[in-house]
2 protein chains.
Amino acid sequence: MVQYESELDKTLAALADSNRRALVERLGRGSATVSELAEPLGMTLTGTKKHLRILEEAGLVTTEKVGRARVCSLGPRRLDDLEVFVESYRRMLDARLDRLGELVEKQQKEDEG
Amino acid sequence: MVQYESELDKTLAALADSNRRALVERLGRGSATVSELAEPLGMTLTGTKKHLRILEEAGLVTTEKVGRARVCSLGPRRLDDLEVFVESYRRMLDARLDRLGELVEKQQKEDEG
């Protein structure tokens with residue numbers, strides 16, 4: 001459980017940055033070298049490498065040395081645990097809004113009666 | 001867009017802590033005061049308040065002063081943007097695995113031929 005928790009912590013922290021999400025989205029369209037990633041996103045090579053290291057530690061990106069370049073790819077991390085959390089949060093929020101709605105309705109009936 | 005990005009940054013950073021996710025899950029079962037939250041989770045009041053402030057800034061928790069107590073509730077933040085991201089990541093990862101599978105299959109056929 002602790003293992004699972006800390007893995008999700010790492011994933012969420014890695015994704016809590018719009019530059020890193022942009023890298024993930026770019027790699028979703030296909031593998032790329034560090035410089036192919038950096039330039040169109042207007043990022044420095046150093047910054048890109050730093051972000052990639054954080055994404056790699058969270059399992060969201062794999063990097064592989066090919067000749068003199070480092071090729072980056074999406075994965076292998078699946079986000080099933082995050083998906084479960086988001087789905088559970090939504091259900092809880094909907095239930096809360098339903099309860100609030102019922103309270104408002106009850107109050108209105110009391111005010112009318 | 002910048003507004004949206006920074007809101008999602010804040011949400012992901014707020015959720016990147018198992019204690020804060022535990023608070024969110026507890027509040028999903030109903031509103032509670034700070035001390036009602038702290039005790040069963042084995043957290044200090046000071047720590048709980050700190051976590052709640054981060055969750056509140058991310059819109060995941062609302063707090064309201066009722067008499068001398070502070071009552072905490074889930075929401076109002078919806079996680080539609082996070083859900084869209086997770087869904088998009090999953091589709092991209094599946095597509096990548098499909099492409100890898102095709103490559104492996106092609107290689108196998110070439111080896112056999």
# chains A, B, ... in the order shown; residues from 1 in each chain; ligands from 1

$ interface_residues --of "chain B" --to "chain A" --cutoff "8 Å" --atoms "only C-alpha atoms" --output "NGL selection string"
:B and (5-6 or 8-13 or 15-18 or 24-25 or 28-30 or 74-76 or 78-79 or 82-83 or 86 or 89-90 or 92-93 or 96)

$ write_last_selection --atoms "N, CA, C and O atoms" --output "CSV table (one decimal), in the first residue's frame"
chain,number,residue,atom,x,y,z
B,5,GLU,N,-4.3,26.0,-16.9
B,5,GLU,CA,-3.0,25.3,-16.6
B,5,GLU,C,-2.7,25.4,-15.2
B,5,GLU,O,-2.4,24.4,-14.5
B,6,SER,N,-2.7,26.6,-14.6
B,6,SER,CA,-2.2,26.8,-13.3
B,6,SER,C,-3.2,26.2,-12.3
B,6,SER,O,-2.8,25.7,-11.2
B,8,LEU,N,-4.9,23.4,-12.9
B,8,LEU,CA,-4.6,22.0,-12.9
B,8,LEU,C,-3.3,21.7,-12.2
B,8,LEU,O,-3.2,20.7,-11.4
B,9,ASP,N,-2.3,22.5,-12.3
B,9,ASP,CA,-1.0,22.4,-11.6
B,9,ASP,C,-1.3,22.3,-10.1
B,9,ASP,O,-0.8,21.4,-9.4
B,10,LYS,N,-2.2,23.2,-9.6
B,10,LYS,CA,-2.5,23.3,-8.2
B,10,LYS,C,-3.2,22.1,-7.7
B,10,LYS,O,-2.9,21.6,-6.6
B,11,THR,N,-4.2,21.6,-8.5
B,11,THR,CA,-4.9,20.4,-8.2
B,11,THR,C,-4.0,19.2,-8.0
B,11,THR,O,-4.1,18.5,-7.1
B,12,LEU,N,-3.2,19.0,-9.0
B,12,LEU,CA,-2.3,17.9,-9.1
B,12,LEU,C,-1.3,17.9,-7.9
B,12,LEU,O,-1.1,16.9,-7.2
B,13,ALA,N,-0.8,19.1,-7.6
B,13,ALA,CA,0.2,19.2,-6.5
B,13,ALA,C,-0.5,18.9,-5.2
B,13,ALA,O,0.0,18.3,-4.3
B,15,LEU,N,-3.0,17.0,-4.7
B,15,LEU,CA,-3.4,15.6,-4.6
B,15,LEU,C,-2.1,14.7,-4.5
B,15,LEU,O,-2.3,13.5,-4.2
B,16,ALA,N,-0.9,15.3,-4.7
B,16,ALA,CA,0.3,14.5,-4.7
B,16,ALA,C,0.8,14.2,-3.3
B,16,ALA,O,2.0,14.3,-3.0
B,17,ASP,N,-0.1,13.8,-2.4
B,17,ASP,CA,0.2,13.6,-1.0
B,17,ASP,C,-0.8,12.6,-0.5
B,17,ASP,O,-2.0,12.9,-0.5
B,18,SER,N,-0.4,11.5,0.0
B,18,SER,CA,-1.4,10.5,0.5
B,18,SER,C,-2.2,10.9,1.6
B,18,SER,O,-3.4,10.5,1.7
B,24,VAL,N,-9.5,13.9,1.4
B,24,VAL,CA,-10.5,14.0,0.4
B,24,VAL,C,-11.4,12.8,0.4
B,24,VAL,O,-12.7,13.0,0.4
B,25,GLU,N,-10.9,11.6,0.6
B,25,GLU,CA,-11.7,10.4,0.6
B,25,GLU,C,-12.6,10.4,1.8
B,25,GLU,O,-13.8,10.0,1.8
B,28,GLY,N,-15.4,12.8,1.3
B,28,GLY,CA,-16.4,12.2,0.4
B,28,GLY,C,-17.5,11.4,1.1
B,28,GLY,O,-18.6,11.3,0.5
B,29,ARG,N,-17.3,11.0,2.3
B,29,ARG,CA,-18.3,10.3,3.0
B,29,ARG,C,-19.2,11.3,3.9
B,29,ARG,O,-20.1,10.8,4.5
B,30,GLY,N,-18.8,12.5,3.9
B,30,GLY,CA,-19.6,13.5,4.6
B,30,GLY,C,-18.7,14.6,5.2
B,30,GLY,O,-17.5,14.4,5.4
B,74,LEU,N,-16.4,18.5,0.8
B,74,LEU,CA,-15.8,18.2,-0.5
B,74,LEU,C,-16.2,19.2,-1.5
B,74,LEU,O,-17.3,19.7,-1.5
B,75,GLY,N,-15.3,19.5,-2.4
B,75,GLY,CA,-15.6,20.4,-3.6
B,75,GLY,C,-15.3,21.8,-3.3
B,75,GLY,O,-14.7,22.2,-2.4
B,76,PRO,N,-15.7,22.7,-4.3
B,76,PRO,CA,-16.6,22.5,-5.4
B,76,PRO,C,-15.8,22.1,-6.7
B,76,PRO,O,-16.5,21.8,-7.7
B,78,ARG,N,-14.5,20.5,-9.8
B,78,ARG,CA,-14.7,19.2,-10.6
B,78,ARG,C,-13.4,18.8,-11.2
B,78,ARG,O,-12.5,19.7,-11.3
B,79,LEU,N,-13.2,17.6,-11.5
B,79,LEU,CA,-11.9,17.1,-12.0
B,79,LEU,C,-12.0,16.8,-13.5
B,79,LEU,O,-11.3,15.9,-14.0
B,82,LEU,N,-8.7,17.0,-15.4
B,82,LEU,CA,-7.8,15.9,-15.1
B,82,LEU,C,-8.3,14.6,-15.7
B,82,LEU,O,-7.5,13.8,-16.2
B,83,GLU,N,-9.6,14.4,-15.7
B,83,GLU,CA,-10.2,13.2,-16.3
B,83,GLU,C,-9.8,13.2,-17.8
B,83,GLU,O,-9.4,12.1,-18.4
B,86,VAL,N,-6.1,12.2,-18.2
B,86,VAL,CA,-5.9,10.8,-17.9
B,86,VAL,C,-6.4,9.9,-19.1
B,86,VAL,O,-5.7,9.0,-19.5
B,89,TYR,N,-4.0,10.4,-22.0
B,89,TYR,CA,-2.8,9.7,-21.8
B,89,TYR,C,-3.0,8.2,-22.1
B,89,TYR,O,-2.1,7.5,-22.7
B,90,ARG,N,-4.1,7.6,-21.6
B,90,ARG,CA,-4.3,6.2,-21.8
B,90,ARG,C,-4.5,5.8,-23.3
B,90,ARG,O,-3.9,4.8,-23.8
B,92,MET,N,-3.1,7.5,-25.8
B,92,MET,CA,-1.8,7.6,-26.4
B,92,MET,C,-0.9,6.4,-26.1
B,92,MET,O,-0.2,5.9,-26.9
B,93,LEU,N,-1.0,5.9,-24.8
B,93,LEU,CA,-0.2,4.8,-24.4
B,93,LEU,C,-0.6,3.5,-25.1
B,93,LEU,O,0.2,2.8,-25.6
B,96,ARG,N,0.6,3.6,-28.6
B,96,ARG,CA,2.1,3.3,-28.7
B,96,ARG,C,2.3,1.8,-28.5
B,96,ARG,O,3.1,1.3,-29.2

$ residues_around --residues "Leu41 (chain A)" --least-positions-apart "2" --cutoff "10 Å" --atoms "only C-alpha atoms" --output "list in words"
Asn19, Ala22, Leu23, Arg26, Glu36, Leu37, Ala38, Glu39, Met43, Thr44 and Thr48 of chain A

$ write_last_selection --atoms "C-alpha atoms" --output "compact mmCIF listing (two decimals), in the first residue's frame"
# COMPACT_ATOMS: atom_id res chain seq x y z
CA ASN A 19 5.67 21.96 -19.26
CA ALA A 22 3.20 19.28 -22.67
CA LEU A 23 6.15 16.85 -22.96
CA ARG A 26 4.11 15.56 -27.39
CA GLU A 36 13.26 17.50 -30.90
CA LEU A 37 11.21 17.93 -27.72
CA ALA A 38 12.83 21.11 -26.44
CA GLU A 39 12.70 23.34 -29.52
CA MET A 43 12.31 25.04 -23.65
CA THR A 44 16.05 24.90 -22.97
CA THR A 48 13.86 19.67 -20.83

$ select_by_dssp --residues "chain A" --states "strand (DSSP E or B)" --output "list in words"
Ala32, Thr33, Val61, Thr62, Thr63, Glu64, Lys65, Val66, Ala69, Arg70, Val71, Cys72, Ser73 and Leu74 of chain A

$ select_by_dssp --residues "region 2-88 of chain B" --states "helix (DSSP H, G or I)" --output "ChimeraX atom specification"
/B:2-15,18-28,34-38,45-57,80-88

$ closest_residue --among "A:Gln108, A:Arg20, A:Leu100, A:Val34" --to "Leu55 (chain A)" --atoms "only C-alpha atoms"
A:Arg20

$ atom_distance --atom1 "CA of Ala69 (chain B)" --atom2 "CA of Thr46 (chain B)"
14.5 Å

$ decode --residues "region 5-20 of chain A" --atoms "all heavy atoms" --output "PDB file, in the first residue's frame"
ATOM      1  N   GLU A   5       1.028   4.101  -2.770  1.00  0.00           N
ATOM      2  CA  GLU A   5       0.798   5.504  -2.421  1.00  0.00           C
ATOM      3  C   GLU A   5       1.932   6.373  -2.949  1.00  0.00           C
ATOM      4  O   GLU A   5       1.705   7.383  -3.558  1.00  0.00           O
ATOM      5  CB  GLU A   5       0.718   5.665  -0.894  1.00  0.00           C
ATOM      6  CG  GLU A   5      -0.497   5.059  -0.253  1.00  0.00           C
ATOM      7  CD  GLU A   5      -1.793   5.775  -0.589  1.00  0.00           C
ATOM      8  OE1 GLU A   5      -1.766   6.926  -1.050  1.00  0.00           O
ATOM      9  OE2 GLU A   5      -2.847   5.169  -0.401  1.00  0.00           O
ATOM     10  N   SER A   6       3.174   5.931  -2.689  1.00  0.00           N
ATOM     11  CA  SER A   6       4.284   6.795  -3.053  1.00  0.00           C
ATOM     12  C   SER A   6       4.434   6.859  -4.579  1.00  0.00           C
ATOM     13  O   SER A   6       4.901   7.852  -5.115  1.00  0.00           O
ATOM     14  CB  SER A   6       5.567   6.334  -2.375  1.00  0.00           C
ATOM     15  OG  SER A   6       6.229   5.404  -3.185  1.00  0.00           O
ATOM     16  N   GLU A   7       4.041   5.807  -5.277  1.00  0.00           N
ATOM     17  CA  GLU A   7       4.089   5.837  -6.734  1.00  0.00           C
ATOM     18  C   GLU A   7       3.081   6.867  -7.276  1.00  0.00           C
ATOM     19  O   GLU A   7       3.390   7.624  -8.193  1.00  0.00           O
ATOM     20  CB  GLU A   7       3.762   4.442  -7.296  1.00  0.00           C
ATOM     21  CG  GLU A   7       4.328   4.252  -8.689  1.00  0.00           C
ATOM     22  CD  GLU A   7       3.946   2.930  -9.317  1.00  0.00           C
ATOM     23  OE1 GLU A   7       3.312   2.094  -8.640  1.00  0.00           O
ATOM     24  OE2 GLU A   7       4.257   2.744 -10.492  1.00  0.00           O
ATOM     25  N   LEU A   8       1.889   6.881  -6.685  1.00  0.00           N
ATOM     26  CA  LEU A   8       0.873   7.847  -7.124  1.00  0.00           C
ATOM     27  C   LEU A   8       1.294   9.268  -6.750  1.00  0.00           C
ATOM     28  O   LEU A   8       1.087  10.208  -7.530  1.00  0.00           O
ATOM     29  CB  LEU A   8      -0.490   7.480  -6.512  1.00  0.00           C
ATOM     30  CG  LEU A   8      -1.712   8.234  -7.012  1.00  0.00           C
ATOM     31  CD1 LEU A   8      -1.792   8.291  -8.524  1.00  0.00           C
ATOM     32  CD2 LEU A   8      -2.989   7.637  -6.438  1.00  0.00           C
ATOM     33  N   ASP A   9       1.898   9.434  -5.563  1.00  0.00           N
ATOM     34  CA  ASP A   9       2.442  10.754  -5.172  1.00  0.00           C
ATOM     35  C   ASP A   9       3.392  11.260  -6.253  1.00  0.00           C
ATOM     36  O   ASP A   9       3.300  12.405  -6.693  1.00  0.00           O
ATOM     37  CB  ASP A   9       3.271  10.645  -3.873  1.00  0.00           C
ATOM     38  CG  ASP A   9       2.413  10.478  -2.624  1.00  0.00           C
ATOM     39  OD1 ASP A   9       1.176  10.379  -2.761  1.00  0.00           O
ATOM     40  OD2 ASP A   9       2.981  10.426  -1.533  1.00  0.00           O
ATOM     41  N   LYS A  10       4.306  10.389  -6.653  1.00  0.00           N
ATOM     42  CA  LYS A  10       5.337  10.752  -7.625  1.00  0.00           C
ATOM     43  C   LYS A  10       4.713  11.115  -8.977  1.00  0.00           C
ATOM     44  O   LYS A  10       5.106  12.073  -9.620  1.00  0.00           O
ATOM     45  CB  LYS A  10       6.291   9.558  -7.800  1.00  0.00           C
ATOM     46  CG  LYS A  10       7.742   9.935  -7.778  1.00  0.00           C
ATOM     47  CD  LYS A  10       8.627   8.779  -8.134  1.00  0.00           C
ATOM     48  CE  LYS A  10       9.036   7.947  -6.950  1.00  0.00           C
ATOM     49  NZ  LYS A  10       9.920   6.820  -7.322  1.00  0.00           N
ATOM     50  N   THR A  11       3.724  10.320  -9.387  1.00  0.00           N
ATOM     51  CA  THR A  11       3.058  10.572 -10.662  1.00  0.00           C
ATOM     52  C   THR A  11       2.347  11.923 -10.657  1.00  0.00           C
ATOM     53  O   THR A  11       2.460  12.702 -11.601  1.00  0.00           O
ATOM     54  CB  THR A  11       2.016   9.468 -10.941  1.00  0.00           C
ATOM     55  OG1 THR A  11       2.685   8.217 -10.899  1.00  0.00           O
ATOM     56  CG2 THR A  11       1.353   9.649 -12.275  1.00  0.00           C
ATOM     57  N   LEU A  12       1.604  12.182  -9.577  1.00  0.00           N
ATOM     58  CA  LEU A  12       0.843  13.430  -9.499  1.00  0.00           C
ATOM     59  C   LEU A  12       1.784  14.631  -9.447  1.00  0.00           C
ATOM     60  O   LEU A  12       1.533  15.647 -10.113  1.00  0.00           O
ATOM     61  CB  LEU A  12      -0.085  13.404  -8.282  1.00  0.00           C
ATOM     62  CG  LEU A  12      -1.300  12.479  -8.440  1.00  0.00           C
ATOM     63  CD1 LEU A  12      -1.910  12.143  -7.083  1.00  0.00           C
ATOM     64  CD2 LEU A  12      -2.353  13.131  -9.329  1.00  0.00           C
ATOM     65  N   ALA A  13       2.870  14.512  -8.682  1.00  0.00           N
ATOM     66  CA  ALA A  13       3.832  15.615  -8.600  1.00  0.00           C
ATOM     67  C   ALA A  13       4.489  15.841  -9.969  1.00  0.00           C
ATOM     68  O   ALA A  13       4.695  16.988 -10.375  1.00  0.00           O
ATOM     69  CB  ALA A  13       4.887  15.321  -7.540  1.00  0.00           C
ATOM     70  N   ALA A  14       4.769  14.747 -10.678  1.00  0.00           N
ATOM     71  CA  ALA A  14       5.392  14.875 -12.004  1.00  0.00           C
ATOM     72  C   ALA A  14       4.447  15.578 -12.980  1.00  0.00           C
ATOM     73  O   ALA A  14       4.878  16.355 -13.830  1.00  0.00           O
ATOM     74  CB  ALA A  14       5.790  13.506 -12.542  1.00  0.00           C
ATOM     75  N   LEU A  15       3.166  15.328 -12.846  1.00  0.00           N
ATOM     76  CA  LEU A  15       2.190  15.906 -13.778  1.00  0.00           C
ATOM     77  C   LEU A  15       1.758  17.321 -13.386  1.00  0.00           C
ATOM     78  O   LEU A  15       1.085  17.997 -14.163  1.00  0.00           O
ATOM     79  CB  LEU A  15       0.958  14.998 -13.880  1.00  0.00           C
ATOM     80  CG  LEU A  15       1.187  13.633 -14.545  1.00  0.00           C
ATOM     81  CD1 LEU A  15      -0.082  12.797 -14.475  1.00  0.00           C
ATOM     82  CD2 LEU A  15       1.634  13.808 -15.999  1.00  0.00           C
ATOM     83  N   ALA A  16       2.150  17.762 -12.173  1.00  0.00           N
ATOM     84  CA  ALA A  16       1.704  19.071 -11.674  1.00  0.00           C
ATOM     85  C   ALA A  16       2.531  20.205 -12.263  1.00  0.00           C
ATOM     86  O   ALA A  16       2.915  21.137 -11.554  1.00  0.00           O
ATOM     87  CB  ALA A  16       1.770  19.088 -10.143  1.00  0.00           C
ATOM     88  N   ASP A  17       2.817  20.138 -13.522  1.00  0.00           N
ATOM     89  CA  ASP A  17       3.615  21.156 -14.193  1.00  0.00           C
ATOM     90  C   ASP A  17       3.231  21.146 -15.667  1.00  0.00           C
ATOM     91  O   ASP A  17       3.328  20.099 -16.328  1.00  0.00           O
ATOM     92  CB  ASP A  17       5.114  20.825 -14.012  1.00  0.00           C
ATOM     93  CG  ASP A  17       6.007  21.844 -14.681  1.00  0.00           C
ATOM     94  OD1 ASP A  17       6.079  21.852 -15.922  1.00  0.00           O
ATOM     95  OD2 ASP A  17       6.634  22.644 -13.966  1.00  0.00           O
ATOM     96  N   SER A  18       2.814  22.306 -16.172  1.00  0.00           N
ATOM     97  CA  SER A  18       2.272  22.340 -17.534  1.00  0.00           C
ATOM     98  C   SER A  18       3.344  21.996 -18.590  1.00  0.00           C
ATOM     99  O   SER A  18       3.022  21.423 -19.620  1.00  0.00           O
ATOM    100  CB  SER A  18       1.624  23.686 -17.823  1.00  0.00           C
ATOM    101  OG  SER A  18       2.570  24.716 -17.666  1.00  0.00           O
ATOM    102  N   ASN A  19       4.608  22.332 -18.325  1.00  0.00           N
ATOM    103  CA  ASN A  19       5.671  21.958 -19.263  1.00  0.00           C
ATOM    104  C   ASN A  19       5.812  20.442 -19.340  1.00  0.00           C
ATOM    105  O   ASN A  19       6.011  19.884 -20.422  1.00  0.00           O
ATOM    106  CB  ASN A  19       7.023  22.557 -18.830  1.00  0.00           C
ATOM    107  CG  ASN A  19       7.156  24.008 -19.252  1.00  0.00           C
ATOM    108  OD1 ASN A  19       6.740  24.382 -20.345  1.00  0.00           O
ATOM    109  ND2 ASN A  19       7.712  24.828 -18.380  1.00  0.00           N
ATOM    110  N   ARG A  20       5.721  19.781 -18.186  1.00  0.00           N
ATOM    111  CA  ARG A  20       5.853  18.320 -18.186  1.00  0.00           C
ATOM    112  C   ARG A  20       4.638  17.668 -18.839  1.00  0.00           C
ATOM    113  O   ARG A  20       4.766  16.682 -19.564  1.00  0.00           O
ATOM    114  CB  ARG A  20       6.083  17.801 -16.759  1.00  0.00           C
ATOM    115  CG  ARG A  20       7.477  18.156 -16.246  1.00  0.00           C
ATOM    116  CD  ARG A  20       7.885  17.308 -15.057  1.00  0.00           C
ATOM    117  NE  ARG A  20       7.175  17.633 -13.833  1.00  0.00           N
ATOM    118  CZ  ARG A  20       7.581  18.551 -12.950  1.00  0.00           C
ATOM    119  NH1 ARG A  20       8.682  19.237 -13.151  1.00  0.00           N
ATOM    120  NH2 ARG A  20       6.884  18.769 -11.850  1.00  0.00           N
TER     121      ARG A  20
END
